[in-house]
Amino acid sequence: MPYPEIRPRRLRRNAAVRRLVSETRLDPAELVLPMFVREGLTEPRAVASLPGVLQHSRDSLRKAAVEAVQAGVGGLMLFGVPTGRDATGSGGLDPDGILNVAIRDVVAEVGDATVVMSDLCLDEFTSHGHCGLLAPDGTVDNDATLEAYARMAVAQADAGIHMVGPSGMMDGQVGVVRRALDAAGHQDVAVLAYAVKYASAFFGPFRDAVESALEGDRRAYQQDPANLRESLREVELDVAEGADLVMVKPALPYLDVVSAVRAAVDVPVAAYQVSGEYAMVEAAAANGWVDRERVMLETLTSIRRAGAQIILTYWAVEAAKLLRERY
């Protein structure tokens with residue numbers, strides 16, 4: 001029947017009705033907070049290009065982890081920022097390196113109250129800023145890098161991590177990490193595969209947060225933003241190699257990719273709302289151009305609607321508190 005008999009606006013008439021018929025819901029348990037811990041800090045330090053985001057000291061990291069748990073956040077993704085770097089990223093493999101120490105700190109503080117995850121990549125630890133070891137010609141040596149990833153995964157698992165996130169986009173990384181973990185007796189440590197990671201301009205503020213030494217770019221191993229079929233192939237390979245979850249990064253510019261990945265696999269799908277996405281909204285809100293809280297939740301809802309069950313976002317704690325107030 002046409003109008004006036006059919007009136008879709010009946011289901012939008014007030015907040016209670018809209019809440020009742022909402023098709024997509026965000027839950028704090030689906031949000032993961034990325035956290036940075038910098039070696040040598042005694043007090044947390046602000047990241048200028050990421051308003052509200054901190055480089056933590058070990059003490060402030062523990063406190064922030066507890067706050068996140070109390071807010072109901074589903075997970076924490078840890079990144080380490082060392083004071084020294086070398087060509088092989090040895091600090092990432094060192095049991096006493098800042099990331100592995102931070103893993104022990106956070107797991108000791110929050111236990112199993114949330115999922116403690118760690119970035120499994122060398123870029124924060126290398127003097128050249130690339131995600132792997134360099135060959136003599138300056139390119140990233142895929143297979144030599146896999147050997148380092150295997151050792152890094154075991155070091156993180158030994159420190160108590162619940163889930164590792166191999167993010168370097170090396171061919172075969174998931175299978176190598178899975179086999180290394182199993183061989184070391186860490187069969188219960190899950191693998192969140194950065195299966196789809198684009199060579200994106202949206203990563204800029206993140207590189208400030210980790211004090212990246214990168215010169216040049218990562219287009220030889222991260223994906224071309226123009227490609228979708230390639231992404232689905234990467235996802236298929238990672239699942240076949242043993243990925244427990246797969247992730248798309250960035251999120252908002254690639255919602256079509258998130259949706260396609262969700263349709264293609266039967267494992268949980270995550271998306272990372274990256275630093276550039278966050279920083280743009282914060283800048284617009286600071287200028288009074290957008291309603292910050294509404295845009296925050298609208299962007300997160302759009303990522304959830306596209307099919308991501310898990311969302312990494314720098315707003316995780318704030319969004320979780322807002323969601324608890326509303327629902």
# chains A, B, ... in the order shown; residues from 1 in each chain; ligands from 1
>>> residues_around(residues="Val32 (chain A)", least_positions_apart="4", cutoff="8 Å", atoms="only C-alpha atoms", output="list in words")
Val73, Gly74, Gly75, Leu76, Met77, Ile310, Ile311, Leu312, Thr313 and Ala316 of chain A
>>> select_by_dssp(residues="region 56-268 of chain A", states="strand (DSSP E or B)", output="PyMOL selection string")
chain A and resi 56+75-81+86+115-120+126+134+140+163-166+190-198+223+245-249
>>> residues_around(residues="region 189-201 of chain A", least_positions_apart="3", cutoff="8 Å", atoms="only C-alpha atoms", output="JSON, numbers by chain")
{"A": [157, 161, 162, 163, 164, 165, 166, 167, 168, 169, 174, 178, 181, 186, 204, 217, 218, 219, 222, 223, 224, 225, 231, 234, 235, 238, 242, 243, 244, 245, 246, 247, 248, 249, 250, 276]}
>>> residues_around(residues="Thr126 (chain A)", least_positions_apart="4", cutoff="6 Å", atoms="only C-alpha atoms", output="list in words")
Arg85, Asp86, Ala87, Thr88 and Gly89 of chain A
>>> write_last_selection(atoms="N, CA, C and O atoms", output="PDB file, in the first residue's frame")
ATOM      1  N   ARG A  85      66.965   1.731  18.855  1.00  0.00           N
ATOM      2  CA  ARG A  85      66.564   0.868  17.740  1.00  0.00           C
ATOM      3  C   ARG A  85      67.811   0.379  17.018  1.00  0.00           C
ATOM      4  O   ARG A  85      68.865   1.003  17.076  1.00  0.00           O
ATOM      5  N   ASP A  86      67.656  -0.732  16.314  1.00  0.00           N
ATOM      6  CA  ASP A  86      68.748  -1.219  15.479  1.00  0.00           C
ATOM      7  C   ASP A  86      68.188  -1.787  14.181  1.00  0.00           C
ATOM      8  O   ASP A  86      66.966  -1.818  13.979  1.00  0.00           O
ATOM      9  N   ALA A  87      69.052  -2.241  13.317  1.00  0.00           N
ATOM     10  CA  ALA A  87      68.632  -2.670  11.985  1.00  0.00           C
ATOM     11  C   ALA A  87      67.762  -3.909  12.005  1.00  0.00           C
ATOM     12  O   ALA A  87      66.964  -4.131  11.086  1.00  0.00           O
ATOM     13  N   THR A  88      67.869  -4.715  13.043  1.00  0.00           N
ATOM     14  CA  THR A  88      67.121  -5.969  13.100  1.00  0.00           C
ATOM     15  C   THR A  88      65.912  -5.918  14.027  1.00  0.00           C
ATOM     16  O   THR A  88      65.186  -6.902  14.147  1.00  0.00           O
ATOM     17  N   GLY A  89      65.709  -4.776  14.705  1.00  0.00           N
ATOM     18  CA  GLY A  89      64.566  -4.674  15.617  1.00  0.00           C
ATOM     19  C   GLY A  89      64.678  -5.595  16.813  1.00  0.00           C
ATOM     20  O   GLY A  89      63.665  -6.112  17.303  1.00  0.00           O
TER      21      GLY A  89
END
>>> closest_residue(among="A:Thr299, A:Gln187, A:Thr139, A:Gln309", to="Val267 (chain A)", atoms="only C-alpha atoms")
A:Gln309
>>> atom_distance(atom1="CA of Arg58 (chain A)", atom2="CA of Val37 (chain A)")
6.6 Å
>>> residues_around(residues="Phe202 (chain A)", least_positions_apart="5", cutoff="12 Å", atoms="only C-alpha atoms", output="count of residues only")
18
>>> residues_around(residues="Ser60 (chain A)", least_positions_apart="2", cutoff="10 Å", atoms="only C-alpha atoms", output="list in words")
Val37, Leu41, Thr42, Glu43, Pro44, Leu54, Gln55, His56, Ser57, Arg58, Arg62, Lys63, Ala64, Ala65 and Val66 of chain A
>>> write_last_selection(atoms="N, CA and C atoms", output="mmCIF file, in the first residue's frame")
data_model
loop_
_atom_site.group_PDB
_atom_site.id
_atom_site.type_symbol
_atom_site.label_atom_id
_atom_site.label_comp_id
_atom_site.auth_asym_id
_atom_site.auth_seq_id
_atom_site.Cartn_x
_atom_site.Cartn_y
_atom_site.Cartn_z
ATOM 1 N N VAL A 37 53.176 2.332 25.041
ATOM 2 C CA VAL A 37 54.018 2.451 26.228
ATOM 3 C C VAL A 37 55.434 2.742 25.770
ATOM 4 N N LEU A 41 59.859 6.468 30.288
ATOM 5 C CA LEU A 41 58.997 7.534 30.801
ATOM 6 C C LEU A 41 58.653 7.296 32.263
ATOM 7 N N THR A 42 58.594 8.374 33.027
ATOM 8 C CA THR A 42 58.103 8.298 34.403
ATOM 9 C C THR A 42 56.698 8.866 34.516
ATOM 10 N N GLU A 43 56.292 9.656 33.526
ATOM 11 C CA GLU A 43 54.948 10.215 33.453
ATOM 12 C C GLU A 43 54.446 10.053 32.020
ATOM 13 N N PRO A 44 53.134 9.920 31.843
ATOM 14 C CA PRO A 44 52.623 9.807 30.474
ATOM 15 C C PRO A 44 52.874 11.083 29.683
ATOM 16 N N LEU A 54 47.925 9.047 24.688
ATOM 17 C CA LEU A 54 49.165 9.208 25.435
ATOM 18 C C LEU A 54 50.188 8.137 25.066
ATOM 19 N N GLN A 55 51.450 8.502 25.148
ATOM 20 C CA GLN A 55 52.517 7.529 25.334
ATOM 21 C C GLN A 55 52.578 7.290 26.841
ATOM 22 N N HIS A 56 52.366 6.056 27.253
ATOM 23 C CA HIS A 56 52.291 5.757 28.676
ATOM 24 C C HIS A 56 53.656 5.391 29.256
ATOM 25 N N SER A 57 53.797 5.667 30.533
ATOM 26 C CA SER A 57 54.839 5.036 31.322
ATOM 27 C C SER A 57 54.309 3.665 31.731
ATOM 28 N N ARG A 58 55.155 2.834 32.287
ATOM 29 C CA ARG A 58 54.672 1.523 32.726
ATOM 30 C C ARG A 58 53.587 1.669 33.792
ATOM 31 N N ARG A 62 49.419 0.606 33.328
ATOM 32 C CA ARG A 62 48.660 -0.295 34.202
ATOM 33 C C ARG A 62 47.365 0.363 34.663
ATOM 34 N N LYS A 63 47.453 1.627 35.051
ATOM 35 C CA LYS A 63 46.256 2.331 35.515
ATOM 36 C C LYS A 63 45.243 2.492 34.395
ATOM 37 N N ALA A 64 45.712 2.829 33.200
ATOM 38 C CA ALA A 64 44.808 2.999 32.061
ATOM 39 C C ALA A 64 44.169 1.678 31.667
ATOM 40 N N ALA A 65 44.911 0.595 31.817
ATOM 41 C CA ALA A 65 44.348 -0.723 31.514
ATOM 42 C C ALA A 65 43.203 -1.047 32.465
ATOM 43 N N VAL A 66 43.368 -0.737 33.721
ATOM 44 C CA VAL A 66 42.304 -0.971 34.698
ATOM 45 C C VAL A 66 41.088 -0.113 34.371
#
>>> closest_residue(among="A:Ala183, A:Ala213, A:Leu50, A:Leu146", to="His128 (chain A)", atoms="only C-alpha atoms")
A:Ala213
>>> atom_distance(atom1="CA of Cys121 (chain A)", atom2="CA of Gly138 (chain A)")
18.0 Å
>>> residues_around(residues="region 14-23 of chain A", least_positions_apart="4", cutoff="10 Å", atoms="only C-alpha atoms", output="PyMOL selection string")
chain A and resi 9-10+305+326-327
>>> write_last_selection(atoms="N, CA and C atoms", output="PDB file, in the first residue's frame")
ATOM      1  N   ARG A   9       7.883   6.544   9.075  1.00  0.00           N
ATOM      2  CA  ARG A   9       8.264   7.439  10.179  1.00  0.00           C
ATOM      3  C   ARG A   9       7.678   7.008  11.517  1.00  0.00           C
ATOM      4  N   ARG A  10       6.673   6.111  11.501  1.00  0.00           N
ATOM      5  CA  ARG A  10       6.126   5.632  12.777  1.00  0.00           C
ATOM      6  C   ARG A  10       7.209   4.989  13.641  1.00  0.00           C
ATOM      7  N   ARG A 305      28.156  -1.803  11.304  1.00  0.00           N
ATOM      8  CA  ARG A 305      27.132  -2.121  10.295  1.00  0.00           C
ATOM      9  C   ARG A 305      27.747  -2.788   9.065  1.00  0.00           C
ATOM     10  N   ARG A 326      23.725   5.165  27.624  1.00  0.00           N
ATOM     11  CA  ARG A 326      22.566   5.211  26.739  1.00  0.00           C
ATOM     12  C   ARG A 326      21.744   3.935  26.790  1.00  0.00           C
ATOM     13  N   TYR A 327      22.409   2.815  27.084  1.00  0.00           N
ATOM     14  CA  TYR A 327      21.689   1.540  27.031  1.00  0.00           C
ATOM     15  C   TYR A 327      21.686   0.810  28.351  1.00  0.00           C
TER      16      TYR A 327
END
>>> atom_distance(atom1="CA of Ala102 (chain A)", atom2="CA of Asp171 (chain A)")
28.0 Å
>>> closest_residue(among="A:Ala144, A:Leu214, A:Leu78, A:Ala184", to="Phe125 (chain A)", atoms="only C-alpha atoms")
A:Leu214
>>> closest_residue(among="A:Val154, A:Ala209, A:Ala270, A:Val140", to="Tyr221 (chain A)", atoms="only C-alpha atoms")
A:Val140
>>> select_by_dssp(residues="region 30-271 of chain A", states="alpha helix (DSSP H)", output="ChimeraX atom specification")
/A:58-71,98-110,142-159,173-183,204-209,229-241,255-264
>>> closest_residue(among="A:Ala319, A:Leu122, A:Ala48, A:Val239", to="Pro268 (chain A)", atoms="only C-alpha atoms")
A:Val239
